[in-house]
file entry_2.txt (compact mmCIF, C-alpha atoms)
# COMPACT_ATOMS: atom_id res chain seq x y z
CA MET A 1 0.00 0.00 0.00
CA SER A 2 1.37 3.42 -0.95
CA ILE A 3 2.25 6.10 1.58
CA ASN A 4 -0.47 8.39 0.21
CA LYS A 5 -3.16 5.72 0.56
CA LEU A 6 -2.10 5.01 4.12
CA HIS A 7 -2.07 8.70 4.92
CA ASN A 8 -5.52 9.28 3.39
CA ARG A 9 -6.97 6.27 5.19
CA GLN A 10 -5.64 7.57 8.48
CA ILE A 11 -7.19 11.00 7.87
CA ALA A 12 -10.53 9.41 6.98
CA GLU A 13 -10.48 7.34 10.17
CA GLU A 14 -9.59 10.38 12.27
CA ALA A 15 -12.39 12.38 10.61
CA ALA A 16 -14.90 9.62 11.32
CA ASN A 17 -13.90 9.60 15.00
CA TRP A 18 -14.32 13.37 15.24
CA ALA A 19 -17.72 13.16 13.52
CA VAL A 20 -18.92 10.59 16.05
CA LEU A 21 -17.79 12.78 18.95
CA LEU A 22 -19.46 15.84 17.45
CA ASP A 23 -22.68 13.94 16.88
CA ALA A 24 -22.69 12.65 20.45
CA LYS A 25 -21.79 16.10 21.82
CA ALA A 26 -19.01 14.32 23.72
CA LEU A 27 -16.19 16.82 23.15
CA THR A 28 -14.25 17.92 26.19
CA LYS A 29 -12.45 21.27 26.33
CA GLN A 30 -9.19 19.52 25.42
CA ASP A 31 -10.92 17.66 22.57
CA LYS A 32 -12.12 20.98 21.15
CA LYS A 33 -8.59 22.36 21.20
CA GLU A 34 -7.27 19.23 19.48
CA LEU A 35 -10.04 19.33 16.87
CA ALA A 36 -9.32 22.97 16.10
CA GLN A 37 -5.62 22.21 15.69
CA TRP A 38 -6.34 19.12 13.54
CA LEU A 39 -8.60 21.11 11.22
CA SER A 40 -6.03 23.92 10.85
CA GLU A 41 -3.31 21.51 9.68
CA SER A 42 -4.83 20.73 6.28
CA SER A 43 -7.84 21.52 4.09
CA LEU A 44 -8.07 17.76 3.51
CA HIS A 45 -8.90 17.34 7.20
CA VAL A 46 -11.84 19.74 6.79
CA ASP A 47 -13.06 17.96 3.66
CA GLU A 48 -12.94 14.55 5.32
CA LEU A 49 -14.77 15.76 8.42
CA LEU A 50 -17.53 17.31 6.32
CA LEU A 51 -17.85 14.08 4.34
CA SER A 52 -18.03 11.95 7.50
CA ALA A 53 -20.61 14.26 9.02
CA SER A 54 -22.75 14.30 5.88
CA ILE A 55 -22.77 10.50 5.82
CA MET A 56 -23.85 10.39 9.46
CA ILE A 57 -26.60 12.93 8.84
CA GLY A 58 -27.70 11.00 5.76
CA PHE A 59 -28.05 7.78 7.73
CA GLY A 60 -29.69 9.42 10.71
CA LYS A 61 -32.11 11.87 9.08
CA VAL A 62 -33.56 10.27 5.94
CA ASP A 63 -37.03 8.90 6.78
CA ALA A 64 -38.91 6.18 5.00
CA HIS A 65 -42.03 8.34 4.40
CA LYS A 66 -40.09 11.06 2.51
CA ASN A 67 -41.70 13.91 4.41
CA ILE A 68 -38.73 15.69 5.97
CA SER A 69 -38.31 19.21 4.65
CA ILE A 70 -34.95 20.87 4.13
CA ASP A 71 -36.09 23.89 6.15
CA ALA A 72 -37.11 21.70 9.07
CA LEU A 73 -33.80 19.89 9.04
CA LEU A 74 -31.86 23.14 8.92
CA LYS A 75 -33.94 24.65 11.70
CA GLU A 76 -33.30 21.63 13.90
CA ALA A 77 -29.59 21.34 13.19
CA ALA A 78 -28.57 24.99 13.01
CA PRO A 79 -31.35 27.52 13.69
CA GLU A 80 -28.99 30.44 13.13
CA VAL A 81 -28.31 29.42 9.51
CA VAL A 82 -30.51 30.80 6.70
CA PRO A 83 -31.79 27.92 4.46
CA LEU A 84 -30.35 27.91 0.94
CA PHE A 85 -32.80 25.51 -0.64
CA LYS A 86 -36.21 27.12 -0.04
CA GLU A 87 -37.48 26.24 -3.48
CA PHE A 88 -37.26 22.55 -2.68
CA ALA A 89 -38.95 22.99 0.68
CA LYS A 90 -41.86 24.79 -1.00
CA LYS A 91 -42.33 22.00 -3.49
CA GLY A 92 -42.13 19.40 -0.75
CA SER A 93 -38.79 17.71 -0.34
CA ASN A 94 -38.20 14.02 -0.67
CA ALA A 95 -35.49 11.58 0.33
CA SER A 96 -33.62 11.81 -2.97
CA LEU A 97 -33.40 15.60 -2.72
CA LEU A 98 -32.33 15.34 0.89
CA ARG A 99 -29.61 12.88 0.05
CA ARG A 100 -28.46 15.20 -2.75
CA TYR A 101 -28.10 18.22 -0.50
CA VAL A 102 -27.39 16.68 2.88
CA GLY A 103 -23.67 17.09 2.36
CA GLN A 104 -24.10 20.82 1.76
CA ILE A 105 -26.33 21.11 4.83
CA ALA A 106 -23.69 19.32 6.88
CA ALA A 107 -21.04 21.68 5.51
CA ILE A 108 -23.02 24.76 6.61
CA PHE A 109 -23.68 23.24 10.01
CA LEU A 110 -20.12 22.08 10.66
CA ILE A 111 -18.44 25.23 9.38
CA ALA A 112 -20.40 27.15 12.02
CA ILE A 113 -19.33 24.68 14.71
CA ILE A 114 -15.72 24.54 13.53
CA SER A 115 -15.43 28.31 13.33
CA GLY A 116 -16.71 28.61 16.87
CA LEU A 117 -14.36 25.94 18.15
CA TYR A 118 -11.34 27.51 16.54
CA PHE A 119 -12.19 31.07 17.56
CA PHE A 120 -12.88 30.29 21.18
CA THR A 121 -10.63 27.32 21.98
CA ALA A 122 -7.78 27.19 19.47
CA PRO A 123 -4.43 27.50 21.29
CA THR A 124 -1.93 30.12 20.27
CA GLN A 125 0.97 28.60 18.41
CA ASP A 126 3.79 30.29 20.29
CA HIS A 127 2.90 29.61 23.90
CA ASN A 128 1.25 26.28 24.53
CA ALA A 129 1.44 22.57 25.16
CA PHE A 130 1.06 19.97 22.43
CA ILE A 131 0.60 16.27 23.17
CA THR A 132 0.29 13.53 20.57
CA LYS A 133 -1.31 10.17 21.30
CA THR A 134 -0.15 6.74 20.12
CA GLY A 135 0.19 6.83 16.33
CA GLU A 136 -0.62 10.55 16.10
CA GLN A 137 1.62 13.13 14.40
CA ARG A 138 1.29 16.91 14.04
CA SER A 139 2.96 19.75 12.19
CA LEU A 140 2.99 23.20 13.78
CA THR A 141 3.94 26.40 11.95
CA LEU A 142 5.03 29.16 14.33
CA THR A 143 4.61 32.87 13.70
CA ASP A 144 8.30 33.33 12.89
CA GLY A 145 8.05 30.73 10.12
CA SER A 146 9.70 27.89 12.04
CA ILE A 147 8.03 24.49 11.66
CA ILE A 148 7.84 21.76 14.30
CA HIS A 149 6.94 18.23 13.22
CA VAL A 150 5.76 16.32 16.31
CA ASN A 151 6.00 12.53 16.31
CA THR A 152 3.87 9.95 18.11
CA GLU A 153 3.59 9.86 21.93
CA THR A 154 5.25 13.25 22.37
CA ASP A 155 4.68 16.01 24.93
CA ILE A 156 6.17 19.42 24.12
CA ARG A 157 5.85 22.99 25.41
CA ILE A 158 6.37 26.05 23.20
CA GLU A 159 7.13 29.49 24.58
CA TYR A 160 8.44 32.58 22.80
CA LEU A 161 10.36 34.83 25.18
CA GLU A 162 12.05 38.16 24.65
CA LYS A 163 15.53 36.67 24.33
CA GLU A 164 14.85 33.17 23.06
CA ARG A 165 12.44 30.86 21.25
CA ARG A 166 12.02 27.96 23.67
CA VAL A 167 10.67 24.45 23.09
CA GLN A 168 10.68 21.85 25.85
CA ILE A 169 10.37 18.15 25.02
CA LEU A 170 9.10 16.35 28.10
CA ARG A 171 9.00 13.06 26.21
CA GLY A 172 8.95 11.85 22.64
CA GLU A 173 10.37 13.16 19.38
CA ALA A 174 10.16 16.22 17.13
CA MET A 175 11.85 17.56 14.02
CA PHE A 176 12.57 21.27 13.74
CA GLU A 177 12.89 23.50 10.66
CA VAL A 178 14.21 26.70 12.20
CA ALA A 179 13.71 30.16 10.73
CA HIS A 180 16.77 32.41 11.00
CA ASP A 181 16.64 35.01 13.78
CA THR A 182 19.92 36.13 15.33
CA THR A 183 18.15 38.24 17.96
CA ARG A 184 16.33 35.24 19.49
CA PRO A 185 18.10 31.87 19.42
CA PHE A 186 15.94 28.77 18.93
CA ARG A 187 16.53 26.36 21.84
CA VAL A 188 15.14 22.90 22.52
CA TYR A 189 15.22 21.73 26.15
CA SER A 190 15.14 17.98 26.74
CA GLY A 191 16.18 16.32 29.97
CA GLY A 192 19.32 18.08 31.14
CA THR A 193 20.35 19.33 27.71
CA ILE A 194 19.78 22.31 25.44
CA THR A 195 20.03 22.08 21.66
CA GLN A 196 20.52 25.44 19.98
CA ALA A 197 20.30 26.10 16.25
CA VAL A 198 20.03 28.95 13.78
CA GLY A 199 18.60 28.28 10.30
CA THR A 200 18.81 24.51 10.36
CA ILE A 201 16.83 21.25 10.34
CA PHE A 202 17.38 18.84 13.20
CA ASN A 203 15.65 16.05 15.11
CA VAL A 204 15.47 15.59 18.88
CA GLN A 205 14.32 12.37 20.52
CA HIS A 206 13.94 12.22 24.29
CA ILE A 207 12.89 8.75 25.43
CA GLY A 208 13.76 6.85 28.56
CA GLY A 209 16.02 9.56 29.94
CA THR A 210 18.33 9.62 26.91
CA THR A 211 18.33 12.46 24.38
CA ARG A 212 19.40 11.84 20.78
CA VAL A 213 20.07 14.84 18.56
CA SER A 214 20.57 14.41 14.81
CA VAL A 215 21.18 17.12 12.22
CA LEU A 216 19.75 16.87 8.72
CA GLU A 217 20.84 20.33 7.57
CA GLY A 218 23.21 22.91 9.03
CA SER A 219 24.61 22.40 12.52
CA VAL A 220 23.59 22.72 16.16
CA PHE A 221 25.23 23.14 19.54
CA VAL A 222 24.28 20.86 22.42
CA GLN A 223 24.85 22.17 25.94
CA ILE A 224 24.40 20.64 29.36
CA ILE A 225 22.19 22.45 31.87
CA ASP A 226 23.98 22.92 35.18
CA GLU A 227 21.44 23.51 37.97
CA THR A 228 18.92 24.89 35.43
CA LYS A 229 21.49 27.42 34.11
CA ILE A 230 22.98 27.46 30.62
CA THR A 231 26.74 27.05 30.77
CA ASN A 232 29.52 26.53 28.27
CA LYS A 233 30.38 23.30 30.04
CA HIS A 234 30.22 20.29 27.72
CA LYS A 235 29.26 22.45 24.73
CA HIS A 236 29.22 20.10 21.77
CA LEU A 237 28.89 20.80 18.02
CA ILE A 238 26.85 18.42 15.83
CA SER A 239 27.21 18.98 12.10
CA GLU A 240 25.00 17.90 9.20
CA GLY A 241 24.59 14.13 8.80
CA ASN A 242 25.66 13.38 12.37
CA LEU A 243 23.97 12.22 15.56
CA ALA A 244 24.89 12.48 19.23
CA ALA A 245 23.40 10.68 22.23
CA ILE A 246 23.30 12.46 25.59
CA ALA A 247 22.95 10.24 28.65
CA GLN A 248 21.24 11.25 31.89
CA ASN A 249 24.63 11.89 33.49
CA GLY A 250 25.43 14.48 30.79
CA LYS A 251 27.88 12.32 28.84
CA ILE A 252 27.73 13.12 25.11
CA THR A 253 28.58 10.34 22.63
CA ASP A 254 28.82 10.76 18.86
CA VAL A 255 27.10 7.85 17.08
CA THR A 256 29.21 6.28 14.32
CA ASN A 257 27.52 5.94 10.90
CA PRO A 258 24.03 6.95 12.07
CA ASN A 259 21.02 5.78 10.07
CA MET A 260 19.90 9.21 8.85
CA GLN A 261 17.28 7.69 6.57
CA ALA A 262 15.51 6.25 9.60
CA ILE A 263 15.59 9.62 11.36
CA SER A 264 13.71 11.44 8.59
CA ALA A 265 11.45 8.55 7.52
CA TRP A 266 9.09 8.80 10.49
CA ARG A 267 7.48 11.88 8.95
CA MET A 268 6.21 9.59 6.16
CA ARG A 269 5.09 7.05 8.79
CA LYS A 270 7.89 4.69 7.82
CA LEU A 271 10.26 2.75 10.07
CA VAL A 272 13.71 2.11 8.61
CA PHE A 273 15.96 -0.45 10.28
CA LYS A 274 19.59 -1.21 9.53
CA SER A 275 20.88 -4.29 11.36
CA ASP A 276 18.66 -3.37 14.30
CA THR A 277 17.79 -5.91 16.95
CA LEU A 278 14.32 -7.35 17.42
CA ALA A 279 14.24 -5.59 20.80
CA THR A 280 14.74 -2.21 19.11
CA ILE A 281 12.24 -2.97 16.34
CA SER A 282 9.53 -3.95 18.81
CA VAL A 283 9.97 -0.72 20.78
CA GLU A 284 9.63 1.36 17.61
CA PHE A 285 6.48 -0.43 16.41
CA ASN A 286 4.95 -0.10 19.88
CA ARG A 287 5.31 3.69 19.79
CA TYR A 288 2.89 3.86 16.86
CA ASN A 289 0.39 1.09 17.59
CA TYR A 290 -2.01 -0.12 20.26
CA GLU A 291 -1.21 -3.70 19.27
CA LYS A 292 2.07 -4.41 21.02
CA ILE A 293 5.05 -6.60 20.21
CA TYR A 294 6.86 -8.11 23.21
CA VAL A 295 10.19 -9.94 23.00
CA ASP A 296 10.29 -12.34 25.92
CA ASP A 297 13.86 -13.67 25.91
CA ARG A 298 17.36 -12.39 25.38
CA ILE A 299 18.25 -14.55 22.39
CA ALA A 300 15.17 -13.51 20.41
CA ALA A 301 15.83 -9.90 21.36
CA SER A 302 19.31 -10.08 19.79
CA LEU A 303 18.12 -11.18 16.32
CA GLN A 304 18.89 -8.50 13.72
CA PHE A 305 16.82 -7.24 10.82
CA SER A 306 17.12 -4.57 8.14
CA GLY A 307 14.31 -3.10 6.10
CA VAL A 308 11.61 -0.50 5.60
CA PHE A 309 8.18 -0.94 7.18
CA ASN A 310 4.90 0.92 7.53
CA ALA A 311 4.79 2.26 11.08
CA ASP A 312 1.03 1.57 11.27
CA ASP A 313 1.27 -2.07 10.20
CA PRO A 314 3.02 -4.35 12.70
CA HIS A 315 1.16 -7.31 11.17
CA SER A 316 3.37 -7.23 8.06
CA PHE A 317 6.47 -7.69 10.20
CA ILE A 318 4.81 -10.39 12.31
CA LYS A 319 3.76 -12.25 9.14
CA TYR A 320 7.31 -12.14 7.88
CA LEU A 321 8.64 -13.53 11.15
CA GLU A 322 6.05 -16.29 10.92
CA VAL A 323 6.99 -17.24 7.36
CA SER A 324 10.73 -17.07 8.04
CA ASN A 325 10.33 -19.12 11.20
CA ALA A 326 12.82 -16.82 12.91
CA VAL A 327 11.00 -16.92 16.27
CA ASN A 328 8.04 -18.44 18.03
CA ILE A 329 4.96 -16.19 17.98
CA ASN A 330 2.34 -16.38 20.73
CA ARG A 331 -1.01 -14.69 19.99
CA SER A 332 -2.91 -15.94 23.03
CA LYS A 333 -3.43 -12.44 24.42
CA GLN A 334 -5.59 -10.03 22.47
CA HIS A 335 -3.71 -7.16 20.81
CA GLU A 336 -0.36 -8.63 21.86
CA PHE A 337 2.37 -10.57 20.04
CA HIS A 338 4.86 -12.38 22.30
CA LEU A 339 8.09 -13.46 20.60
CA THR A 340 10.45 -16.12 21.92
CA SER A 341 13.47 -17.92 20.47
CA HIS A 342 13.45 -21.51 19.26
CA SER A 343 15.14 -24.12 21.41
CA ASN A 344 18.15 -24.12 19.05
CA PRO A 345 18.05 -20.63 17.56
CA VAL A 346 20.32 -19.35 14.84
CA ILE A 347 21.40 -15.74 15.27
CA LEU A 348 20.98 -14.15 11.86
CA GLU A 349 20.49 -10.87 10.09
CA THR A 350 17.50 -10.81 7.78
CA LYS A 351 16.87 -8.11 5.23
CA ILE A 352 13.28 -7.32 4.31
CA THR A 353 11.85 -4.35 2.46
CA GLU A 354 8.16 -3.56 2.24

call {"tool": "encode", "arguments": {"input": "entry_2.txt", "output": "structure tokens"}}
result
Amino acid sequence: MSINKLHNRQIAEEAANWAVLLDAKALTKQDKKELAQWLSESSLHVDELLLSASIMIGFGKVDAHKNISIDALLKEAAPEVVPLFKEFAKKGSNASLLRRYVGQIAAIFLIAIISGLYFFTAPTQDHNAFITKTGEQRSLTLTDGSIIHVNTETDIRIEYLEKERRVQILRGEAMFEVAHDTTRPFRVYSGGTITQAVGTIFNVQHIGGTTRVSVLEGSVFVQIIDETKITNKHKHLISEGNLAAIAQNGKITDVTNPNMQAISAWRMRKLVFKSDTLATISVEFNRYNYEKIYVDDRIAASLQFSGVFNADDPHSFIKYLEVSNAVNINRSKQHEFHLTSHSNPVILETKITE
């Protein structure tokens, strides 16, 4: 399945979920903020939500006796909206006419709702918190032109101050395209480190106490925070095409021959592995999916694989493991795959590309 098809399917599923919540009037204050942000990311999101809503209205409002008028439907759904189809109401509407125009009615109704949600609850882009759920990704364009791509299961805080543009990653991963501004440096705080860049593209991952900074374009400086103060101690330069790992104790280690393709591929919802262990692969798949892969013994965990996979499709990798007979697969628990080694395992590296 192509990347575009996967992406469009995901948007359609997200739109359907939002339509259900809107129909049930089950949106919390946080949900409204997230819906406003989701709609602002792409016109395709708006189109899909309108389509989902029109389908729901079509199923819920068409009656078998064909005696529902357009005016009556509009008055019930959105009394503040002036009907656009009076001529059909005068002639006596029927189910076929309703089905023809129900999408337009839904559009009028939802645009009013969406506009209200965004006006009253949409967060400002330069001073707020953004949290992505399992499998969710976002792209945020800031007022200075910088762009933040937020990966799955990530919690970040954005704050523009007088002397700096500050982003804090509490957990997760984000990629930054930084607009040039010498008067206010762009700084990313993660754990006990600060990554500072000017006019560059870089990725920061902060998971399990370790921060990994990789540079796709330009260069960045990584500094260690000493008692919450920025110091020149342990200041470290990372140039384009390189990656550094910063441990909790502040030790900075340059990674030899980093897999830069894997670092940028997540934005296309792809996972790229290069001689990575089954333990590492399972952790990566689990970040994107509610179905989890567990590796239950050390030998199975050490098996190595290389390849490109859809982040949203752990089943393809599980099917490959099943066909290759590389490990035992236990499916006894719902939404879980438990992997164990054979009694006489062979440690191998398998290359697979999807």

call {"tool": "residues_around", "arguments": {"input": "entry_2.txt", "residues": "region 237-254 of chain A", "least_positions_apart": "6", "cutoff": "7 Å", "atoms": "all atoms listed in the file", "output": "JSON, numbers by chain"}}
result
{"A": [209, 210, 211, 212, 213, 214, 215, 216, 217, 218, 219, 220, 221, 222, 224, 260]}

call {"tool": "closest_residue", "arguments": {"input": "entry_2.txt", "among": "A:Ile147, A:Thr340, A:Leu161, A:Ile263", "to": "Asn203 (chain A)", "atoms": "only C-alpha atoms"}}
result
A:Ile263

call {"tool": "residues_around", "arguments": {"input": "entry_2.txt", "residues": "Asn17 (chain A)", "least_positions_apart": "5", "cutoff": "12 Å", "atoms": "all atoms listed in the file", "output": "PyMOL selection string"}}
result
chain A and resi 10-12+22-24+26-27+31+35+48-49+52-53+56

call {"tool": "write_last_selection", "arguments": {"input": "entry_2.txt", "atoms": "C-alpha atoms", "output": "CSV table (one decimal), in the coordinates of the input"}}
result
chain,number,residue,atom,x,y,z
A,10,GLN,CA,-5.6,7.6,8.5
A,11,ILE,CA,-7.2,11.0,7.9
A,12,ALA,CA,-10.5,9.4,7.0
A,22,LEU,CA,-19.5,15.8,17.4
A,23,ASP,CA,-22.7,13.9,16.9
A,24,ALA,CA,-22.7,12.6,20.4
A,26,ALA,CA,-19.0,14.3,23.7
A,27,LEU,CA,-16.2,16.8,23.2
A,31,ASP,CA,-10.9,17.7,22.6
A,35,LEU,CA,-10.0,19.3,16.9
A,48,GLU,CA,-12.9,14.6,5.3
A,49,LEU,CA,-14.8,15.8,8.4
A,52,SER,CA,-18.0,12.0,7.5
A,53,ALA,CA,-20.6,14.3,9.0
A,56,MET,CA,-23.8,10.4,9.5

call {"tool": "residues_around", "arguments": {"input": "entry_2.txt", "residues": "Ala129 (chain A)", "least_positions_apart": "4", "cutoff": "8 Å", "atoms": "all atoms listed in the file", "output": "PyMOL selection string"}}
result
chain A and resi 155-158

call {"tool": "closest_atom_pairs", "arguments": {"input": "entry_2.txt", "of": "region 193-310 of chain A", "to": "region 170-187 of chain A", "cutoff": "9 Å", "atoms": "only C-alpha atoms", "output": "JSON lines"}}
result
{"residue": "A:Ile194", "atom": "CA", "partner": "A:Arg187", "partner_atom": "CA", "distance": 6.3}
{"residue": "A:Thr195", "atom": "CA", "partner": "A:Arg187", "partner_atom": "CA", "distance": 5.5}
{"residue": "A:Gln196", "atom": "CA", "partner": "A:Arg187", "partner_atom": "CA", "distance": 4.5}
{"residue": "A:Ala197", "atom": "CA", "partner": "A:Phe186", "partner_atom": "CA", "distance": 5.8}
{"residue": "A:Val198", "atom": "CA", "partner": "A:His180", "partner_atom": "CA", "distance": 5.5}
{"residue": "A:Gly199", "atom": "CA", "partner": "A:His180", "partner_atom": "CA", "distance": 4.6}
{"residue": "A:Thr200", "atom": "CA", "partner": "A:Val178", "partner_atom": "CA", "distance": 5.4}
{"residue": "A:Ile201", "atom": "CA", "partner": "A:Glu177", "partner_atom": "CA", "distance": 4.5}
{"residue": "A:Phe202", "atom": "CA", "partner": "A:Phe176", "partner_atom": "CA", "distance": 5.4}
{"residue": "A:Asn203", "atom": "CA", "partner": "A:Met175", "partner_atom": "CA", "distance": 4.2}
{"residue": "A:Val204", "atom": "CA", "partner": "A:Ala174", "partner_atom": "CA", "distance": 5.6}
{"residue": "A:Gln205", "atom": "CA", "partner": "A:Glu173", "partner_atom": "CA", "distance": 4.2}
{"residue": "A:His206", "atom": "CA", "partner": "A:Gly172", "partner_atom": "CA", "distance": 5.3}
{"residue": "A:Ile207", "atom": "CA", "partner": "A:Gly172", "partner_atom": "CA", "distance": 5.7}
{"residue": "A:Gly208", "atom": "CA", "partner": "A:Arg171", "partner_atom": "CA", "distance": 8.2}
{"residue": "A:Gly209", "atom": "CA", "partner": "A:Arg171", "partner_atom": "CA", "distance": 8.7}
{"residue": "A:Ser264", "atom": "CA", "partner": "A:Met175", "partner_atom": "CA", "distance": 8.4}
{"residue": "A:Arg267", "atom": "CA", "partner": "A:Met175", "partner_atom": "CA", "distance": 8.8}

call {"tool": "atom_distance", "arguments": {"input": "entry_2.txt", "atom1": "CA of Gln137 (chain A)", "atom2": "CA of Asp312 (chain A)"}}
result
12.0 Å

call {"tool": "residues_around", "arguments": {"input": "entry_2.txt", "residues": "Asp276 (chain A)", "least_positions_apart": "5", "cutoff": "8 Å", "atoms": "only C-alpha atoms", "output": "mmCIF file with C-alpha atoms, keeping the file's coordinate frame"}}
result
data_model
loop_
_atom_site.group_PDB
_atom_site.id
_atom_site.type_symbol
_atom_site.label_atom_id
_atom_site.label_comp_id
_atom_site.auth_asym_id
_atom_site.auth_seq_id
_atom_site.Cartn_x
_atom_site.Cartn_y
_atom_site.Cartn_z
ATOM 1 C CA ILE A 281 12.240 -2.970 16.340
ATOM 2 C CA GLN A 304 18.890 -8.500 13.720
ATOM 3 C CA PHE A 305 16.820 -7.240 10.820
ATOM 4 C CA SER A 306 17.120 -4.570 8.140
#

call {"tool": "residues_near_point", "arguments": {"input": "entry_2.txt", "point": "(1.4, 12.4, 18.2)", "cutoff": "7 Å", "atoms": "only C-alpha atoms", "output": "VMD selection string"}}
result
chain A and resid 131 to 138 150 to 154

call {"tool": "residues_around", "arguments": {"input": "entry_2.txt", "residues": "Leu339 (chain A)", "least_positions_apart": "2", "cutoff": "9 Å", "atoms": "only C-alpha atoms", "output": "list in words"}}
result
Ile293, Tyr294, Val295, Asp296, Asp297, Ala300, Ala301, Val327, Asn328, Ile329, Asn330, Phe337 and Ser341 of chain A

call {"tool": "residues_near_point", "arguments": {"input": "entry_2.txt", "point": "(6.1, 4.6, 11.0)", "cutoff": "7 Å", "atoms": "only C-alpha atoms", "output": "list of chain:residue names"}}
result
A:Trp266, A:Met268, A:Arg269, A:Lys270, A:Leu271, A:Tyr288, A:Asn310, A:Ala311, A:Asp312

call {"tool": "atom_distance", "arguments": {"input": "entry_2.txt", "atom1": "CA of His338 (chain A)", "atom2": "CA of Glu291 (chain A)"}}
result
11.0 Å

call {"tool": "decode", "arguments": {"input": "entry_2.txt", "residues": "region 247-260 of chain A", "atoms": "N, CA and C atoms", "output": "compact mmCIF listing (two decimals), in the first residue's frame"}}
result
# COMPACT_ATOMS: atom_id res chain seq x y z
N ALA A 247 23.45 11.06 27.56
CA ALA A 247 22.95 10.24 28.65
C ALA A 247 22.45 11.12 29.80
N GLN A 248 21.77 10.51 30.76
CA GLN A 248 21.24 11.25 31.89
C GLN A 248 22.32 11.91 32.72
N ASN A 249 23.53 11.31 32.72
CA ASN A 249 24.63 11.89 33.49
C ASN A 249 25.34 13.02 32.74
N GLY A 250 24.85 13.38 31.55
CA GLY A 250 25.43 14.48 30.79
C GLY A 250 26.51 14.06 29.82
N LYS A 251 26.85 12.78 29.76
CA LYS A 251 27.88 12.32 28.84
C LYS A 251 27.35 12.36 27.41
N ILE A 252 28.12 12.98 26.51
CA ILE A 252 27.73 13.12 25.11
C ILE A 252 28.57 12.16 24.27
N THR A 253 27.90 11.32 23.47
CA THR A 253 28.58 10.34 22.63
C THR A 253 28.16 10.51 21.19
N ASP A 254 29.13 10.70 20.29
CA ASP A 254 28.82 10.76 18.86
C ASP A 254 28.57 9.34 18.35
N VAL A 255 27.46 9.16 17.62
CA VAL A 255 27.10 7.85 17.08
C VAL A 255 27.79 7.67 15.72
N THR A 256 28.50 6.57 15.56
CA THR A 256 29.21 6.28 14.32
C THR A 256 28.24 5.79 13.25
N ASN A 257 28.35 6.34 12.04
CA ASN A 257 27.52 5.94 10.90
C ASN A 257 26.03 5.88 11.27
N PRO A 258 25.45 6.97 11.69
CA PRO A 258 24.03 6.95 12.07
C PRO A 258 23.12 6.70 10.88
N ASN A 259 21.99 6.08 11.13
CA ASN A 259 21.02 5.78 10.07
C ASN A 259 20.14 7.01 9.86
N MET A 260 20.62 7.96 9.06
CA MET A 260 19.90 9.21 8.85
C MET A 260 18.58 9.01 8.11
